[in-house]
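Here is the file my_file.cif (mmCIF, C-alpha atoms).
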```
data_model
#
loop_
_atom_site.label_atom_id
_atom_site.label_comp_id
_atom_site.auth_asym_id
_atom_site.auth_seq_id
_atom_site.Cartn_x
_atom_site.Cartn_y
_atom_site.Cartn_z
CA MET A 1 143.44 151.23 68.44
CA ASN A 2 143.43 154.94 67.91
CA LYS A 3 139.99 156.43 67.96
CA THR A 4 140.38 158.46 64.77
CA VAL A 5 141.79 155.53 62.80
CA LEU A 6 138.81 153.46 63.90
CA ASP A 7 136.40 156.18 62.78
CA LEU A 8 138.14 156.30 59.43
CA TRP A 9 137.67 152.57 58.89
CA VAL A 10 134.00 152.70 59.83
CA GLY A 11 133.56 155.67 57.52
CA LEU A 12 135.19 153.77 54.68
CA PHE A 13 132.98 150.77 55.42
CA VAL A 14 129.81 152.88 55.33
CA ILE A 15 130.89 154.61 52.12
CA ALA A 16 131.66 151.25 50.50
CA GLY A 17 128.31 149.86 51.61
CA VAL A 18 126.39 152.85 50.31
CA ALA A 19 128.37 152.70 47.06
CA ALA A 20 127.41 149.03 46.70
CA LEU A 21 123.76 149.93 47.26
CA LEU A 22 124.01 152.70 44.66
CA PHE A 23 125.69 150.30 42.24
CA LEU A 24 122.84 147.84 42.71
CA ALA A 25 120.22 150.57 42.32
CA LEU A 26 121.72 152.33 39.30
CA LYS A 27 123.72 149.75 37.40
CA VAL A 28 121.92 146.50 38.17
CA GLY A 29 118.30 147.50 38.69
CA SER A 30 115.87 149.88 37.11
CA THR A 31 112.48 151.11 38.14
CA SER A 32 109.80 149.55 36.02
CA VAL A 33 106.95 151.40 37.64
CA VAL A 34 105.89 154.52 35.81
CA SER A 35 105.02 156.93 38.62
CA VAL A 36 101.34 157.75 38.88
CA ALA A 37 102.00 161.48 38.76
CA ASN A 38 103.73 161.40 35.38
CA SER A 39 101.39 159.05 33.62
CA TYR A 40 97.91 158.63 32.24
CA GLU A 41 95.76 155.53 32.06
CA VAL A 42 93.82 154.14 29.16
CA VAL A 43 91.75 150.99 28.99
CA ALA A 44 91.86 148.34 26.28
CA ARG A 45 89.61 145.30 26.04
CA PHE A 46 90.86 142.00 24.67
CA ASP A 47 89.07 138.74 23.90
CA ASN A 48 92.05 136.80 25.18
CA ILE A 49 95.12 138.18 26.93
CA GLY A 50 97.05 134.88 26.95
CA GLY A 51 99.73 135.08 29.61
CA LEU A 52 99.83 138.87 30.01
CA LYS A 53 100.59 139.92 33.58
CA PRO A 54 100.39 143.18 35.54
CA ARG A 55 103.60 145.27 35.18
CA ALA A 56 104.24 143.82 31.73
CA PRO A 57 105.84 146.39 29.44
CA ILE A 58 103.94 148.39 26.83
CA LYS A 59 106.05 149.02 23.78
CA SER A 60 105.62 151.20 20.75
CA ALA A 61 108.12 150.76 17.94
CA GLY A 62 110.04 148.59 20.38
CA VAL A 63 110.46 151.34 22.99
CA VAL A 64 108.95 150.87 26.43
CA VAL A 65 106.34 153.62 26.86
CA GLY A 66 104.46 152.30 29.88
CA ARG A 67 103.40 149.36 32.00
CA VAL A 68 100.25 147.30 32.44
CA ALA A 69 98.66 148.66 35.61
CA ASP A 70 95.73 146.33 36.09
CA ILE A 71 93.96 143.39 34.47
CA ARG A 72 90.32 142.60 35.23
CA PHE A 73 87.65 140.36 33.81
CA ASP A 74 84.56 142.21 32.63
CA ASN A 75 81.62 139.99 33.49
CA GLU A 76 79.24 141.84 31.13
CA THR A 77 81.14 141.60 27.90
CA PHE A 78 83.21 138.54 28.92
CA GLU A 79 86.36 140.32 27.89
CA ALA A 80 89.58 141.17 29.70
CA ALA A 81 89.80 144.86 30.62
CA VAL A 82 93.45 145.86 30.71
CA THR A 83 94.46 149.22 32.20
CA LEU A 84 97.54 150.63 30.50
CA ARG A 85 99.61 153.21 32.34
CA LEU A 86 101.45 155.29 29.79
CA ASP A 87 104.20 157.81 30.34
CA ASN A 88 103.07 161.44 30.06
CA ARG A 89 105.90 162.17 27.64
CA TYR A 90 104.27 160.03 24.97
CA ALA A 91 100.93 160.89 23.38
CA PHE A 92 99.13 158.51 21.03
CA PRO A 93 96.34 159.18 18.52
CA LYS A 94 92.81 158.07 19.39
CA ASP A 95 92.78 155.29 16.82
CA THR A 96 95.93 153.64 18.14
CA ALA A 97 95.81 149.83 17.97
CA ALA A 98 96.92 147.63 20.89
CA ALA A 99 98.08 144.07 20.31
CA ILE A 100 99.39 141.47 22.73
CA MET A 101 102.73 140.19 21.49
CA THR A 102 105.34 137.77 22.70
CA SER A 103 109.02 138.61 22.90
CA GLY A 104 110.74 135.68 21.27
CA LEU A 105 109.04 132.35 20.88
CA LEU A 106 108.53 131.59 24.56
CA GLY A 107 109.34 134.95 26.12
CA GLU A 108 107.15 137.17 28.26
CA GLN A 109 104.13 138.86 26.76
CA TYR A 110 103.83 142.59 26.27
CA ILE A 111 101.43 145.04 24.67
CA GLY A 112 102.48 146.59 21.39
CA LEU A 113 100.96 149.94 20.46
CA GLU A 114 100.63 150.84 16.78
CA ALA A 115 99.96 154.55 16.38
CA GLY A 116 97.04 155.51 14.13
CA GLY A 117 96.39 158.69 12.14
CA ASP A 118 93.79 160.53 14.20
CA SER A 119 94.48 164.14 15.06
CA GLN A 120 92.91 163.70 18.51
CA MET A 121 95.16 162.26 21.16
CA LEU A 122 94.31 159.68 23.83
CA LYS A 123 93.55 161.24 27.19
CA ASP A 124 93.35 159.83 30.71
CA GLN A 125 90.66 157.13 31.11
CA ASP A 126 90.11 156.91 27.35
CA ARG A 127 89.59 153.58 25.69
CA ILE A 128 91.58 151.91 22.93
CA PHE A 129 89.06 150.33 20.56
CA ILE A 130 91.25 148.51 18.09
CA THR A 131 92.75 145.54 19.88
CA GLN A 132 94.25 142.25 18.87
CA SER A 133 94.25 139.30 21.23
CA ALA A 134 97.20 137.20 22.20
CA VAL A 135 98.20 134.43 19.86
CA VAL A 136 97.63 131.20 21.76
CA LEU A 137 100.14 128.65 20.54
CA GLU A 138 97.82 125.70 21.09
CA ASN A 139 95.08 127.25 18.92
CA LEU A 140 97.63 127.99 16.22
CA ILE A 141 98.92 124.42 16.22
CA GLY A 142 95.35 123.10 16.27
CA ARG A 143 94.42 125.19 13.26
CA PHE A 144 97.57 124.13 11.43
CA MET A 145 96.87 120.44 12.06
CA TYR A 146 93.28 120.90 10.94
CA GLY A 147 94.46 122.59 7.73
CA GLN A 148 96.96 119.82 7.03
CA ALA A 149 94.32 117.16 7.56
CA GLN A 150 91.98 118.90 5.14
CA GLU A 151 94.67 119.28 2.52
CA GLY A 152 95.62 115.63 2.71
CA ALA A 153 92.05 114.37 2.65
CA PRO A 154 90.94 112.75 -0.62
CA GLN A 155 88.37 114.93 -2.36
CA MET B 1 109.03 91.88 88.77
CA PRO B 2 105.58 93.51 88.44
CA MET B 3 105.35 96.57 86.19
CA THR B 4 103.42 98.67 88.68
CA CYS B 5 106.14 98.90 91.26
CA ASP B 6 108.33 101.89 91.78
CA TRP B 7 106.58 104.52 89.62
CA LYS B 8 108.37 107.26 91.55
CA ASN B 9 111.81 106.29 90.24
CA SER B 10 110.86 104.84 86.85
CA VAL B 11 112.64 105.98 83.71
CA LEU B 12 109.33 106.94 82.13
CA LYS B 13 108.43 109.33 84.92
CA ARG B 14 111.83 110.92 84.87
CA SER B 15 111.80 111.42 81.12
CA ILE B 16 108.31 112.99 81.26
CA GLU B 17 109.48 115.30 84.03
CA ASN B 18 112.54 116.13 81.99
CA LEU B 19 110.42 116.95 78.93
CA GLY B 20 108.12 119.19 80.92
CA ASN B 21 111.06 120.94 82.54
CA ARG B 22 112.73 121.57 79.20
CA THR B 23 109.51 122.95 77.72
CA LEU B 24 109.05 125.27 80.69
CA GLN B 25 112.66 126.41 80.41
CA GLY B 26 112.15 127.08 76.70
CA VAL B 27 109.01 129.15 77.28
CA TRP B 28 110.75 131.02 80.09
CA ARG B 29 113.68 131.84 77.81
CA ILE B 30 111.41 133.06 75.01
CA GLY B 31 109.63 135.36 77.44
CA PHE B 32 112.91 136.66 78.81
CA ALA B 33 114.26 137.16 75.27
CA ALA B 34 111.17 139.20 74.33
CA ARG B 35 111.56 141.37 77.44
CA PHE B 36 115.26 141.75 76.67
CA PHE B 37 114.50 142.85 73.09
CA VAL B 38 112.04 145.50 74.31
CA ALA B 39 114.56 146.70 76.89
CA VAL B 40 117.23 147.06 74.19
CA LEU B 41 114.84 149.09 72.01
CA LEU B 42 113.86 151.30 74.95
CA HIS B 43 117.50 151.96 75.86
CA SER B 44 118.69 152.57 72.30
CA GLY B 45 118.66 156.33 72.90
CA THR B 46 122.18 156.01 74.33
CA ALA B 47 123.37 154.23 71.20
CA PHE B 48 122.55 157.33 69.17
CA ARG B 49 123.35 160.04 71.72
CA ARG B 50 126.80 158.57 72.25
CA PHE B 51 127.25 157.48 68.67
CA GLY B 52 130.96 156.90 69.25
CA LEU B 53 130.05 153.71 71.10
CA THR B 54 128.04 152.46 68.13
CA ILE B 55 130.80 153.40 65.69
CA ARG B 56 133.29 151.45 67.77
CA GLU B 57 131.05 148.38 67.60
CA MET B 58 130.48 148.88 63.87
CA TYR B 59 134.22 148.53 63.48
CA PHE B 60 134.17 145.14 65.18
CA THR B 61 130.99 143.77 63.57
CA GLY B 62 131.07 145.48 60.18
CA VAL B 63 134.61 146.42 59.16
CA LEU B 64 136.19 143.23 60.46
CA SER B 65 133.56 141.13 58.63
CA LEU B 66 134.41 142.85 55.34
CA ILE B 67 137.11 140.44 54.20
CA ILE B 68 135.05 137.27 54.60
CA ILE B 69 131.96 138.93 53.06
CA LEU B 70 133.81 140.32 50.04
CA VAL B 71 135.77 137.16 49.31
CA SER B 72 132.77 134.85 49.70
CA GLY B 73 130.64 137.18 47.59
CA LEU B 74 133.20 137.09 44.81
CA PHE B 75 133.41 133.31 44.85
CA VAL B 76 129.66 132.78 45.10
CA GLY B 77 129.19 135.07 42.10
CA MET B 78 131.91 133.26 40.14
CA VAL B 79 130.35 129.86 40.86
CA LEU B 80 126.94 131.22 39.86
CA GLY B 81 128.47 132.42 36.61
CA LEU B 82 129.97 129.02 35.82
CA GLN B 83 126.95 126.94 36.84
CA GLY B 84 124.44 129.33 35.29
CA TYR B 85 126.31 129.32 32.02
CA GLU B 86 126.40 125.49 31.94
CA THR B 87 122.62 125.30 32.22
CA LEU B 88 121.70 128.34 30.15
CA GLN B 89 123.82 127.38 27.17
CA THR B 90 121.80 124.20 26.66
CA TYR B 91 118.86 126.49 25.87
CA GLY B 92 120.92 128.95 23.89
CA ALA B 93 120.19 131.65 26.46
CA GLU B 94 123.73 132.55 27.58
CA GLU B 95 122.88 136.25 27.49
CA ALA B 96 120.45 135.72 30.37
CA LEU B 97 123.43 134.94 32.62
CA GLY B 98 123.39 138.49 33.96
CA ILE B 99 119.75 138.12 34.99
CA LEU B 100 120.40 134.81 36.71
CA VAL B 101 123.43 136.04 38.63
CA ALA B 102 121.89 139.38 39.64
CA LEU B 103 118.47 138.11 40.63
CA SER B 104 119.73 135.17 42.66
CA LEU B 105 122.22 137.40 44.47
CA VAL B 106 120.03 140.43 45.08
CA ARG B 107 116.92 138.50 46.08
CA GLU B 108 118.28 135.55 48.04
CA LEU B 109 121.96 134.76 48.19
CA GLY B 110 123.17 138.25 49.05
CA PRO B 111 121.04 138.76 52.16
CA VAL B 112 121.01 135.10 53.26
CA VAL B 113 124.64 134.09 52.80
CA ALA B 114 125.88 137.43 54.11
CA ALA B 115 123.63 136.92 57.15
CA LEU B 116 124.92 133.38 57.73
CA LEU B 117 128.51 134.62 57.53
CA PHE B 118 127.65 137.58 59.73
CA ALA B 119 126.10 135.22 62.31
CA SER B 120 129.19 133.06 62.50
CA ARG B 121 131.72 135.89 62.22
CA ALA B 122 130.17 138.69 64.27
CA GLY B 123 127.30 137.04 66.16
CA SER B 124 129.53 134.49 67.86
CA ALA B 125 132.01 137.22 68.81
CA ILE B 126 129.24 139.33 70.35
CA THR B 127 127.97 136.40 72.42
CA ALA B 128 131.43 135.43 73.60
CA GLU B 129 132.30 139.03 74.51
CA ILE B 130 129.12 139.72 76.47
CA GLY B 131 129.13 136.26 78.06
CA LEU B 132 132.68 136.82 79.23
CA MET B 133 131.84 140.32 80.47
CA LYS B 134 129.10 138.71 82.52
CA ALA B 135 131.34 135.88 83.74
CA THR B 136 134.02 138.34 84.86
CA GLU B 137 131.30 140.43 86.52
CA GLN B 138 131.95 143.52 84.43
CA LEU B 139 128.22 143.89 83.85
CA SER B 140 127.48 143.77 87.60
CA ALA B 141 130.28 146.26 88.17
CA MET B 142 128.61 148.65 85.74
CA GLU B 143 125.32 148.27 87.58
CA MET B 144 127.15 149.08 90.82
CA MET B 145 128.31 152.33 89.22
CA ALA B 146 124.71 153.09 88.19
CA VAL B 147 125.56 152.50 84.54
CA ASP B 148 122.87 150.45 82.81
CA PRO B 149 124.71 147.65 80.96
CA ILE B 150 121.82 147.32 78.49
CA ALA B 151 122.20 150.96 77.45
CA ARG B 152 126.01 151.07 77.63
CA VAL B 153 126.98 147.63 76.27
CA VAL B 154 124.04 145.95 74.58
CA ALA B 155 122.21 148.72 72.68
CA PRO B 156 125.28 150.04 70.76
CA ARG B 157 126.11 146.49 69.64
CA PHE B 158 122.51 145.96 68.57
CA TRP B 159 122.38 149.08 66.41
CA ALA B 160 125.86 148.50 65.02
CA GLY B 161 124.72 145.06 63.82
CA VAL B 162 121.46 146.37 62.40
CA ILE B 163 123.26 149.14 60.48
CA SER B 164 126.11 146.91 59.30
CA MET B 165 124.02 144.01 58.03
CA PRO B 166 122.34 145.68 55.00
CA LEU B 167 125.65 147.31 54.02
CA LEU B 168 127.41 143.95 54.16
CA ALA B 169 124.62 142.27 52.17
CA ALA B 170 124.80 144.99 49.50
CA LEU B 171 128.58 144.59 49.31
CA PHE B 172 128.15 140.83 49.02
CA SER B 173 125.67 141.20 46.15
CA ALA B 174 127.76 143.80 44.35
CA MET B 175 130.88 141.67 44.72
CA GLY B 176 128.97 138.59 43.53
CA ILE B 177 127.71 140.36 40.43
CA PHE B 178 131.27 141.44 39.74
CA GLY B 179 132.37 137.80 40.15
CA GLY B 180 129.66 136.65 37.76
CA TYR B 181 130.79 139.31 35.32
CA LEU B 182 134.42 138.18 35.61
CA VAL B 183 133.58 134.55 34.86
CA GLY B 184 130.73 135.08 32.42
CA VAL B 185 132.06 137.94 30.33
CA GLN B 186 135.83 137.93 30.81
CA LEU B 187 136.45 134.19 31.07
CA ILE B 188 133.70 132.51 29.06
CA GLY B 189 132.94 135.34 26.66
CA VAL B 190 129.24 136.14 27.08
CA ASP B 191 128.47 139.40 25.31
CA GLU B 192 129.16 142.25 27.73
CA GLY B 193 126.39 144.56 26.54
CA ALA B 194 123.76 141.81 26.70
CA PHE B 195 124.98 140.78 30.15
CA TRP B 196 124.47 144.25 31.66
CA SER B 197 121.42 145.40 29.69
CA GLN B 198 119.40 142.20 30.22
CA MET B 199 120.29 142.34 33.89
CA LYS B 200 119.17 145.94 34.10
CA SER B 201 115.87 145.32 32.39
CA ALA B 202 115.03 142.27 34.52
CA VAL B 203 116.04 143.52 37.98
CA ASP B 204 113.46 145.81 39.49
CA LEU B 205 114.52 148.46 41.98
CA GLU B 206 111.52 148.06 44.23
CA ARG B 207 110.63 144.40 43.88
CA ASP B 208 114.13 142.95 43.95
CA ILE B 209 116.66 145.38 45.42
CA LEU B 210 114.48 147.07 48.04
CA ASN B 211 113.09 143.72 49.19
CA GLY B 212 116.63 142.39 49.46
CA VAL B 213 117.60 145.34 51.67
CA ILE B 214 114.49 144.81 53.84
CA LYS B 215 115.44 141.15 54.21
CA SER B 216 118.96 142.00 55.32
CA VAL B 217 117.71 144.52 57.90
CA VAL B 218 115.38 141.88 59.35
CA PHE B 219 118.23 139.36 59.43
CA GLY B 220 120.43 141.94 61.15
CA VAL B 221 117.83 142.48 63.87
CA ALA B 222 117.35 138.73 64.35
CA ILE B 223 121.05 137.84 64.48
CA THR B 224 122.14 140.62 66.81
CA THR B 225 119.17 140.04 69.12
CA ILE B 226 119.91 136.32 69.39
CA ALA B 227 123.65 136.92 69.83
CA LEU B 228 123.17 139.59 72.50
CA PHE B 229 120.54 137.59 74.34
CA GLU B 230 122.59 134.39 74.36
CA GLY B 231 125.56 136.32 75.72
CA TYR B 232 123.50 138.12 78.33
CA ASP B 233 121.78 134.91 79.39
CA ALA B 234 124.90 132.71 79.34
CA PRO B 235 125.80 130.88 82.55
CA PRO B 236 128.89 132.69 83.89
CA THR B 237 131.26 129.77 83.38
CA ALA B 238 133.65 128.70 80.64
CA GLU B 239 131.26 125.96 79.48
CA GLY B 240 128.34 128.33 79.69
CA VAL B 241 129.96 130.90 77.40
CA SER B 242 131.11 128.28 74.91
CA GLY B 243 127.66 126.69 74.86
CA ALA B 244 126.03 130.08 74.36
CA THR B 245 128.36 130.86 71.45
CA THR B 246 127.44 127.60 69.77
CA ARG B 247 123.75 128.22 70.34
CA THR B 248 124.08 131.69 68.83
CA VAL B 249 125.47 130.37 65.57
CA VAL B 250 122.95 127.50 65.34
CA ALA B 251 119.90 129.51 66.41
CA SER B 252 120.65 132.60 64.32
CA SER B 253 121.43 130.54 61.19
CA LEU B 254 118.14 128.68 61.58
CA ALA B 255 116.32 131.94 62.28
CA VAL B 256 117.78 133.51 59.13
CA LEU B 257 116.71 130.59 56.94
CA ALA B 258 113.22 130.38 58.46
CA LEU B 259 112.71 134.16 58.29
CA ASP B 260 113.93 134.11 54.70
CA PHE B 261 111.20 131.66 53.77
CA VAL B 262 108.52 133.74 55.48
CA LEU B 263 109.74 137.00 53.94
CA THR B 264 110.06 135.47 50.48
CA ALA B 265 106.54 134.08 50.73
CA PHE B 266 105.27 137.57 51.59
CA MET B 267 107.35 139.48 49.06
CA PHE B 268 107.24 137.37 45.95
CA ARG B 269 104.03 135.38 46.14
CA GLY B 270 101.33 137.93 45.36
CA LEU B 271 103.28 139.24 42.36
CA ASN B 272 102.37 138.15 38.83
#
```
Structure encoded using structure tokens:
Amino acid sequence: MNKTVLDLWVGLFVIAGVAALLFLALKVGSTSVVSVANSYEVVARFDNIGGLKPRAPIKSAGVVVGRVADIRFDNETFEAAVTLRLDNRYAFPKDTAAAIMTSGLLGEQYIGLEAGGDSQMLKDQDRIFITQSAVVLENLIGRFMYGQAQEGAPQ
Amino acid sequence: MPMTCDWKNSVLKRSIENLGNRTLQGVWRIGFAARFFVAVLLHSGTAFRRFGLTIREMYFTGVLSLIIILVSGLFVGMVLGLQGYETLQTYGAEEALGILVALSLVRELGPVVAALLFASRAGSAITAEIGLMKATEQLSAMEMMAVDPIARVVAPRFWAGVISMPLLAALFSAMGIFGGYLVGVQLIGVDEGAFWSQMKSAVDLERDILNGVIKSVVFGVAITTIALFEGYDAPPTAEGVSGATTRTVVASSLAVLALDFVLTAFMFRGLN
């Protein structure tokens, strides 16, 4: 085996391997983490976050604008304190509303942001005051059954 | 005949002795393997200073494993596409086929199956080659010429394996995703845009792809270390080399599967 031919094959092999890695990185995967440097964090408190998890997307008008950075339980107010990491490119008014939504009927949960009309914008470590908890399917069914029973009951 | 007689030659005594001897041998081998691994790491300077040696070994471990890796990757991906579609369509979630194929390949099947193939294709060859070099006293001849066989023979093979393994695993995954695309989109008719975009939104660069690469590097270290050690430690006879080659394939396959469990537990448990 000629030395140069061998080098050529190994070179081709390395190039193919790196190309496969690049294909996986660029075409198959995507970074979901908004880098800390290009983002700001705001806190929103919810009565019930349902199945929301860290790294869940934050969407506004259906576009991903950030990720859930942290979820904690506040033992004083008995609420869930959710830290939202938002991309620096997007600014939201102070009276923006955050709601926990579900993609599809059984899909993963995400936070939907509905922009308000305030002229002041949210800054780092601000708090979102208008929040809407997750819809818990069991509660909904329970309420529906309760309503049906009341309707059917003889007056 | 009374039971107490002849304890010295009884079967029980011999089997206990045998058990103890085997255990001691096992511990001795583990210690020697650890020392061997450290020696390889300490002598790996040569593998990089004379990189031609490593490139030559990369040809034998990496380039010559390409065919089996690419073909198996393609078929594994195609089977994943068929089986995944069968199950997903009962839930009306055919578009998630891309996610299923990509995640199973990038996280598990790519690194693990490529490592198993690598162990049987390249690991066995390494063991047989080094075992035969030892049996024909080439290694002792090198020592006579003041050439350290660990630096000259073992370290380049080690680094060639460690460099080749992640590249082969990435090629396997990429080929598998292409196979899943061929079956899912071209053959069955899943929507092409949904296939790629759902895959892209579900596969995370850090959590899935980087962890897959880390896995394959660890597998590469484990396989090449086992293969080199078995070759280096093989009894210098025909049976010895053949036994060592068998042990390489068995031990490194088991090591890959066990390590995969440990790594997966570390990587994917704390999430969510």
I'd like to see the residues matched by the PyMOL selection byres ((chain A) within 8 of (chain B)) on this file, and ideally I'd get them as a ChimeraX atom specification.
/A:6-7,9-10,13-14,16-18,20-21,23-25,27-32,53-54
Point-to-point distance from atom CA of Ile100 of chain A to atom CA of Leu137 of chain A, Å rounded to tenths
13.0 Å
Do you know which residues the PyMOL selection byres ((chain B and resi 122) around 9) returns on this file, as a ChimeraX atom specification?
/B:60-62,64-65,117-121,123-127,161,224,227
Output C-alpha atoms for every residue in that selection, as a short mmCIF file (atom, residue, chain, number, x, y, z; two decimals), in the coordinates of the input.
```cif
data_model
loop_
_atom_site.label_atom_id
_atom_site.label_comp_id
_atom_site.auth_asym_id
_atom_site.auth_seq_id
_atom_site.Cartn_x
_atom_site.Cartn_y
_atom_site.Cartn_z
CA PHE B 60 134.17 145.14 65.18
CA THR B 61 130.99 143.77 63.57
CA GLY B 62 131.07 145.48 60.18
CA LEU B 64 136.19 143.23 60.46
CA SER B 65 133.56 141.13 58.63
CA LEU B 117 128.51 134.62 57.53
CA PHE B 118 127.65 137.58 59.73
CA ALA B 119 126.10 135.22 62.31
CA SER B 120 129.19 133.06 62.50
CA ARG B 121 131.72 135.89 62.22
CA GLY B 123 127.30 137.04 66.16
CA SER B 124 129.53 134.49 67.86
CA ALA B 125 132.01 137.22 68.81
CA ILE B 126 129.24 139.33 70.35
CA THR B 127 127.97 136.40 72.42
CA GLY B 161 124.72 145.06 63.82
CA THR B 224 122.14 140.62 66.81
CA ALA B 227 123.65 136.92 69.83
#
```
Specify as a list of chain:residue names each residue included when the PyMOL selection byres ((chain B and resi 33-43) around 7) is applied to this file.
B:Arg29, B:Ile30, B:Gly31, B:Phe32, B:Ser44, B:Gly45, B:Thr46, B:Ile150, B:Ala151, B:Val154, B:Ala155, B:Thr225, B:Phe229
Counting all atoms listed in the file, figure out which residue out of B:Val221, B:Leu97, B:Ala160, B:Leu105 gets nearest to Leu53 of chain B.
B:Ala160
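When only C-alpha atoms are used to measure the gap to Ala115 of chain A, the shortest distance among A:Val136, A:Ala149, A:Ala91, A:Ala69 belongs to A:Ala91.
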